[in-house]
Each structure stands twice: as structure tokens, then as C-alpha cells.
Amino acid sequence: MAEVLIIRLSAIGDVAMTIPAIYSAARANPSDSFTILTQTFLLPVFINRPKNVKLIGIHTKSSEKSLKGFLRFASALVQYRYDVVLDLHCVIRSRIIDWMFRLRGRSVFMLDKMRKEKRRLVRKPPKDIRPLPDITTLYAEVFHAGGIYFDKTFVSLYDEHPLNRSIIREIAGEKTGRWVGIAPFARYRGKIYPLKQMEKVVELLSREERISIFLFGAKGEEERTLGEWASRYGNTRSVAGRYSLDQELALISQLNVLLCMDSANMHFASLVGTKVISIWGATHPYTGFYGYRQPPELAIQTTLPCRPCSIFGKKPCYRGDWACMTRITPESVASKVGEFLERKVGDEK
């Protein structure tokens, strides 16, 4: 029986993408124990986990933010006798933990972040665009390097633990027609479809009486914006800032489709088996961060020689016009959603 420590401290989407590898590994190796170290506020993502998966939370925004606080935490952590440490993050904090475990003779295996390949992908044109391995595959390679073998059998967070549908009834009532989720925000501008254009998408979809629209976002400004949209258009409601993460995951699992950015919501939907239509601007599915088991044809993107120009969407547009987003028309986005829903109806007949 091996004791395995898995480190992935952030960000939300990257932590979510560890789940297919971790849950698959845990189920394939039931005699081993797997402990996940991540931010405390991200622990609710790991719902319905296998019995041999445990959690440890760290507060790098508060008590473990300072070097002194972090070293105190790391010193306590290395007292546990983990046989193998899998670093799925490879940042300064995780490397300090790696080093401390190595001093104690523990085996440590780290993620290959493919930095050189990513730099080639986002350089200015001319360039050759080739897909990189998806991040869940790279995570799995770290497990395999550590002698933990498995196939990615993960399907959904609700695959072995069926959803309690009373939760959905409390949040959204009985389902009628088609439920479409829209999550229009992301961390950086390079990932966000212009809000005026996205509002037009909401307007176009709200005209269809058979469609109920749920708007997802965070508390604060996002919540206010989505509340205004919901007040303007029929069949539309905002759930931003109203529910816990596990409740939002439950609701997302019941959507017919989620329209979103290259964001954490894409990965949340992927974890509950919901299809995603995603809009891509400065970033690109080829960087390896596409949703787990999402069909590539559901990605909406423009063909420009400068794309992708950023891995995380943080860089400013060197063209100055954000053409990668603004050239995508609201009508084409709404049409993509409508075509998907019609195709799903045909598949169900």
C-alpha cells in the first residue's frame, strides 16, 4: 500500500482538471491512498471522490501567504510519511515542498509544463500551429512516472454517485424544454467575448420559448451585470453569487449545453458530463487546456495568423483591436447553440 501526495495549488480550472486523473488512479489502485494538497477554497470541487482520496487545504492568501507561514506549513506536512510525491504544479511553493520531501528520501515526480513548446505556440507569426498534449494527459504521465498506472476511466462526478434531483428542483424547479447555461466571464480580457456582443447572444436565445437560460458568474460586478441581463430578457435568470460550488455543479450537470469562455466553468461542465460550446480568443484549444472529453468541433474561434498569442489570455492585444473576439458575431454564436440543441433533439428520437 502506497501513500501518495498530489500537489496542485491553483488555479481553479487547473485544479479541476486534476480530477479525471486522480479519480481514475484512485479507482484503479484501491489499496493505495491519495492525498490532494490544494487551496482550501477549492476543496469543494472534489465531491463524490473515491474512498481512498483525502484532502489537505492550504491558505496561501492568508495564514500561509508569508514565507514564514508557508515554511511552517511545509515543515508540518513533511512529517507525514508519504511514499511518493506528485507535483502537478511546479511553482516555487510546490518546489519547496518537493525539496523538503527529497531531503527525507522521498520520491518526487514533477509535471512537464512544456514551456518551450508553449512559447513557440504563442510567438508572433509566422508560426506553425500544432496541438500540444492535453493537461489531463500530462497529469497522467506524472502518475505513471511514479509507478501508478491507470487508464482515464473518469466520466462524471455523478457517475458512481447519482445526483439528488431535489437539489435541482430547489434551485431551478422542474425541468421543461432545453436548459442553456451561459458563463460569459474569465480571469483575463483575452479570454472574454465582448459583453455587449454576449448580451446580444442572450437576447437572441431568449426569443426561443423552449429555451431557459441560466447565467453563471461570481459575486460583485459580474453578479450585477448578469442580474441586469436577466431583468431585460425573458426565460433568463441569473444564478451568479447565489449558490455554493456543489450546487452550481449540480445545476450545470442538468444543462443541455453550457456556453462559456476558456475558463473554469468549461472544466466544471466537463467534470459533470455536460457539453460545452466555448469561445476562444487570445488562447487556443491547442495549448492543452481544452475541456476534458469535449468535442473539438464545439469550440468557436477565428482563424488569424496571430492566434494564439497567449497561454492564459493575460497579454494585451498587440494588434490593438482584439479581432480574435470581435470578429465572432453574436448571430453565429447563437446559431451554434441552436444547431447543437436541434442535433441533440434528433439524437434523442
# chains A, B, ... in the order shown; residues from 1 in each chain; ligands from 1
>>> residues_around(residues="Pro330 of chain A", least_positions_apart="5", cutoff="10 Å", atoms="only C-alpha atoms", output="PyMOL selection string")
chain A and resi 193-194+196-204+335-336
>>> select_by_dssp(residues="segment 117-301 of chain A", states="strand (DSSP E)", output="PyMOL selection string")
chain A and resi 178-183+211-215+236-238+257-261+276-279+299-300
>>> residues_around(residues="segment 27-37 of chain A", least_positions_apart="2", cutoff="9 Å", atoms="only C-alpha atoms", output="list of chain:residue names")
A:Met1, A:Ala2, A:Glu3, A:Val4, A:Leu5, A:Ile6, A:Ile7, A:Arg8, A:Leu9, A:Ile22, A:Tyr23, A:Ser24, A:Ala25, A:Gln39, A:Thr40, A:Pro50, A:Lys51, A:Asn52, A:Val53, A:Lys54, A:Leu55, A:Ile56, A:Gly57, A:Ile58, A:Ile148, A:Tyr149, A:Phe150, A:Asp151, A:Thr153
>>> write_last_selection(atoms="N, CA and C atoms", output="mmCIF file, in the first residue's frame")
data_model
loop_
_atom_site.group_PDB
_atom_site.id
_atom_site.type_symbol
_atom_site.label_atom_id
_atom_site.label_comp_id
_atom_site.auth_asym_id
_atom_site.auth_seq_id
_atom_site.Cartn_x
_atom_site.Cartn_y
_atom_site.Cartn_z
ATOM 1 N N MET A 1 0.849 -1.204 0.000
ATOM 2 C CA MET A 1 0.000 0.000 0.000
ATOM 3 C C MET A 1 0.875 1.242 0.000
ATOM 4 N N ALA A 2 0.671 2.126 -0.975
ATOM 5 C CA ALA A 2 1.470 3.337 -1.093
ATOM 6 C C ALA A 2 0.657 4.550 -0.630
ATOM 7 N N GLU A 3 1.360 5.461 0.031
ATOM 8 C CA GLU A 3 0.780 6.742 0.416
ATOM 9 C C GLU A 3 1.278 7.787 -0.587
ATOM 10 N N VAL A 4 0.358 8.401 -1.327
ATOM 11 C CA VAL A 4 0.719 9.307 -2.415
ATOM 12 C C VAL A 4 0.217 10.710 -2.100
ATOM 13 N N LEU A 5 1.105 11.693 -2.186
ATOM 14 C CA LEU A 5 0.729 13.098 -2.035
ATOM 15 C C LEU A 5 0.703 13.748 -3.412
ATOM 16 N N ILE A 6 -0.397 14.438 -3.715
ATOM 17 C CA ILE A 6 -0.571 15.121 -5.007
ATOM 18 C C ILE A 6 -0.684 16.618 -4.737
ATOM 19 N N ILE A 7 0.157 17.405 -5.399
ATOM 20 C CA ILE A 7 0.189 18.847 -5.167
ATOM 21 C C ILE A 7 -0.293 19.594 -6.405
ATOM 22 N N ARG A 8 -1.354 20.357 -6.249
ATOM 23 C CA ARG A 8 -1.795 21.319 -7.279
ATOM 24 C C ARG A 8 -2.492 22.449 -6.535
ATOM 25 N N LEU A 9 -1.823 23.579 -6.374
ATOM 26 C CA LEU A 9 -2.302 24.636 -5.504
ATOM 27 C C LEU A 9 -3.294 25.582 -6.181
ATOM 28 N N ILE A 22 -6.839 11.891 -11.013
ATOM 29 C CA ILE A 22 -6.813 11.439 -9.618
ATOM 30 C C ILE A 22 -7.877 10.374 -9.357
ATOM 31 N N TYR A 23 -9.114 10.638 -9.769
ATOM 32 C CA TYR A 23 -10.183 9.678 -9.512
ATOM 33 C C TYR A 23 -9.948 8.375 -10.264
ATOM 34 N N SER A 24 -9.449 8.472 -11.504
ATOM 35 C CA SER A 24 -9.155 7.255 -12.271
ATOM 36 C C SER A 24 -8.056 6.448 -11.590
ATOM 37 N N ALA A 25 -7.002 7.133 -11.138
ATOM 38 C CA ALA A 25 -5.893 6.446 -10.466
ATOM 39 C C ALA A 25 -6.349 5.804 -9.169
ATOM 40 N N GLN A 39 -5.602 24.633 -2.530
ATOM 41 C CA GLN A 39 -6.169 25.743 -1.775
ATOM 42 C C GLN A 39 -7.439 25.296 -1.055
ATOM 43 N N THR A 40 -7.612 25.757 0.170
ATOM 44 C CA THR A 40 -8.767 25.333 0.968
ATOM 45 C C THR A 40 -10.085 25.657 0.279
ATOM 46 N N PRO A 50 -13.434 8.994 -4.620
ATOM 47 C CA PRO A 50 -13.233 7.628 -4.132
ATOM 48 C C PRO A 50 -12.829 7.629 -2.655
ATOM 49 N N LYS A 51 -13.103 6.550 -1.968
ATOM 50 C CA LYS A 51 -12.843 6.481 -0.529
ATOM 51 C C LYS A 51 -11.369 6.600 -0.178
ATOM 52 N N ASN A 52 -10.491 6.259 -1.121
ATOM 53 C CA ASN A 52 -9.059 6.332 -0.836
ATOM 54 C C ASN A 52 -8.428 7.653 -1.271
ATOM 55 N N VAL A 53 -9.274 8.692 -1.417
ATOM 56 C CA VAL A 53 -8.782 10.033 -1.739
ATOM 57 C C VAL A 53 -9.081 10.966 -0.570
ATOM 58 N N LYS A 54 -8.028 11.597 -0.046
ATOM 59 C CA LYS A 54 -8.146 12.532 1.072
ATOM 60 C C LYS A 54 -7.717 13.929 0.629
ATOM 61 N N LEU A 55 -8.053 14.921 1.453
ATOM 62 C CA LEU A 55 -7.797 16.309 1.096
ATOM 63 C C LEU A 55 -7.041 17.045 2.197
ATOM 64 N N ILE A 56 -6.144 17.924 1.783
ATOM 65 C CA ILE A 56 -5.485 18.855 2.705
ATOM 66 C C ILE A 56 -5.574 20.239 2.086
ATOM 67 N N GLY A 57 -6.051 21.209 2.854
ATOM 68 C CA GLY A 57 -6.170 22.569 2.361
ATOM 69 C C GLY A 57 -5.036 23.453 2.838
ATOM 70 N N ILE A 58 -4.643 24.402 2.005
ATOM 71 C CA ILE A 58 -3.619 25.372 2.344
ATOM 72 C C ILE A 58 -4.157 26.768 2.058
ATOM 73 N N ILE A 148 2.386 4.612 -10.794
ATOM 74 C CA ILE A 148 0.943 4.469 -10.547
ATOM 75 C C ILE A 148 0.254 4.433 -11.906
ATOM 76 N N TYR A 149 -0.184 3.274 -12.308
ATOM 77 C CA TYR A 149 -0.711 3.092 -13.666
ATOM 78 C C TYR A 149 -2.236 2.996 -13.665
ATOM 79 N N PHE A 150 -2.825 3.555 -14.708
ATOM 80 C CA PHE A 150 -4.281 3.547 -14.842
ATOM 81 C C PHE A 150 -4.648 4.056 -16.220
ATOM 82 N N ASP A 151 -5.884 3.794 -16.620
ATOM 83 C CA ASP A 151 -6.480 4.414 -17.796
ATOM 84 C C ASP A 151 -7.436 5.495 -17.308
ATOM 85 N N THR A 153 -10.515 6.526 -16.848
ATOM 86 C CA THR A 153 -11.868 5.973 -16.871
ATOM 87 C C THR A 153 -12.907 6.954 -16.339
#
>>> residues_around(residues="segment 214-227 of chain A", least_positions_apart="6", cutoff="6 Å", atoms="only C-alpha atoms", output="JSON, numbers by chain")
{"A": [181, 182, 183, 237, 238, 239, 240, 241]}
>>> residues_around(residues="segment 308-325 of chain A", least_positions_apart="3", cutoff="7 Å", atoms="only C-alpha atoms", output="PyMOL selection string")
chain A and resi 121-123+188-191+193+281-284+287+302+328
>>> residues_around(residues="Asp246 of chain A", least_positions_apart="3", cutoff="9 Å", atoms="only C-alpha atoms", output="PyMOL selection string")
chain A and resi 44-45+47+243+249-251
>>> residues_around(residues="Leu103 of chain A", least_positions_apart="4", cutoff="12 Å", atoms="only C-alpha atoms", output="ChimeraX atom specification")
/A:75,78-79,96-99,107-108
>>> write_last_selection(atoms="N, CA and C atoms", output="JSON list (two decimals), in the first residue's frame")
[["chain", "number", "residue", "atom", "x", "y", "z"],
["A", 75, "SER", "N", 6.81, 22.34, 6.82],
["A", 75, "SER", "CA", 7.54, 21.55, 7.81],
["A", 75, "SER", "C", 6.63, 20.55, 8.50],
["A", 78, "VAL", "N", 5.74, 17.59, 5.83],
["A", 78, "VAL", "CA", 6.74, 16.56, 5.56],
["A", 78, "VAL", "C", 6.91, 15.58, 6.71],
["A", 79, "GLN", "N", 6.22, 15.82, 7.82],
["A", 79, "GLN", "CA", 6.25, 14.84, 8.91],
["A", 79, "GLN", "C", 5.45, 13.59, 8.55],
["A", 96, "ILE", "N", 9.45, 23.97, -3.19],
["A", 96, "ILE", "CA", 9.99, 23.97, -1.82],
["A", 96, "ILE", "C", 9.54, 22.71, -1.09],
["A", 97, "ILE", "N", 8.27, 22.36, -1.25],
["A", 97, "ILE", "CA", 7.77, 21.13, -0.64],
["A", 97, "ILE", "C", 8.47, 19.92, -1.22],
["A", 98, "ASP", "N", 8.65, 19.91, -2.55],
["A", 98, "ASP", "CA", 9.37, 18.81, -3.19],
["A", 98, "ASP", "C", 10.76, 18.64, -2.58],
["A", 99, "TRP", "N", 11.48, 19.74, -2.44],
["A", 99, "TRP", "CA", 12.85, 19.72, -1.91],
["A", 99, "TRP", "C", 12.88, 19.16, -0.50],
["A", 107, "SER", "N", 10.43, 9.92, -2.94],
["A", 107, "SER", "CA", 10.45, 10.04, -4.40],
["A", 107, "SER", "C", 9.49, 11.14, -4.83],
["A", 108, "VAL", "N", 9.99, 12.04, -5.67],
["A", 108, "VAL", "CA", 9.19, 13.17, -6.14],
["A", 108, "VAL", "C", 9.18, 13.18, -7.67]]
>>> closest_residue(among="A:Asp87, A:Glu117, A:Asp159, A:Glu64", to="Ser253 of chain A", atoms="only C-alpha atoms")
A:Asp159
>>> atom_distance(atom1="atom CA of Leu195 of chain A", atom2="atom CA of Gly173 of chain A")
28.1 Å
>>> closest_residue(among="A:Leu42, A:Ala145, A:Ala21, A:Val155", to="Val85 of chain A", atoms="only C-alpha atoms")
A:Ala145
>>> select_by_dssp(residues="segment 142-285 of chain A", states="helix (DSSP H, G or I)", output="MDAnalysis selection string")
chainID A and resid 142:145 165:172 189:191 195:206 221:232 245:253 264:271 285
>>> decode(residues="segment 226-237 of chain A", atoms="N, CA and C atoms", output="mmCIF file, in the first residue's frame")
data_model
loop_
_atom_site.group_PDB
_atom_site.id
_atom_site.type_symbol
_atom_site.label_atom_id
_atom_site.label_comp_id
_atom_site.auth_asym_id
_atom_site.auth_seq_id
_atom_site.Cartn_x
_atom_site.Cartn_y
_atom_site.Cartn_z
ATOM 1 N N LEU A 226 -25.053 40.381 -14.767
ATOM 2 C CA LEU A 226 -25.942 39.286 -15.158
ATOM 3 C C LEU A 226 -27.361 39.501 -14.635
ATOM 4 N N GLY A 227 -27.484 40.146 -13.477
ATOM 5 C CA GLY A 227 -28.811 40.475 -12.961
ATOM 6 C C GLY A 227 -29.546 41.436 -13.890
ATOM 7 N N GLU A 228 -28.803 42.386 -14.459
ATOM 8 C CA GLU A 228 -29.407 43.321 -15.411
ATOM 9 C C GLU A 228 -29.854 42.595 -16.672
ATOM 10 N N TRP A 229 -29.025 41.680 -17.160
ATOM 11 C CA TRP A 229 -29.419 40.916 -18.353
ATOM 12 C C TRP A 229 -30.690 40.106 -18.080
ATOM 13 N N ALA A 230 -30.720 39.465 -16.933
ATOM 14 C CA ALA A 230 -31.878 38.625 -16.606
ATOM 15 C C ALA A 230 -33.159 39.448 -16.512
ATOM 16 N N SER A 231 -33.041 40.695 -16.077
ATOM 17 C CA SER A 231 -34.228 41.553 -15.958
ATOM 18 C C SER A 231 -34.723 42.040 -17.322
ATOM 19 N N ARG A 232 -33.839 42.025 -18.318
ATOM 20 C CA ARG A 232 -34.202 42.537 -19.638
ATOM 21 C C ARG A 232 -34.806 41.483 -20.548
ATOM 22 N N TYR A 233 -34.460 40.234 -20.343
ATOM 23 C CA TYR A 233 -34.827 39.199 -21.315
ATOM 24 C C TYR A 233 -35.620 38.078 -20.662
ATOM 25 N N GLY A 234 -36.622 37.613 -21.394
ATOM 26 C CA GLY A 234 -37.461 36.539 -20.884
ATOM 27 C C GLY A 234 -36.738 35.203 -20.852
ATOM 28 N N ASN A 235 -37.275 34.286 -20.091
ATOM 29 C CA ASN A 235 -36.737 32.927 -19.977
ATOM 30 C C ASN A 235 -35.283 32.929 -19.489
ATOM 31 N N THR A 236 -34.887 33.996 -18.798
ATOM 32 C CA THR A 236 -33.498 34.154 -18.394
ATOM 33 C C THR A 236 -33.424 34.461 -16.902
ATOM 34 N N ARG A 237 -32.528 33.763 -16.209
ATOM 35 C CA ARG A 237 -32.316 34.056 -14.788
ATOM 36 C C ARG A 237 -30.837 33.969 -14.461
#
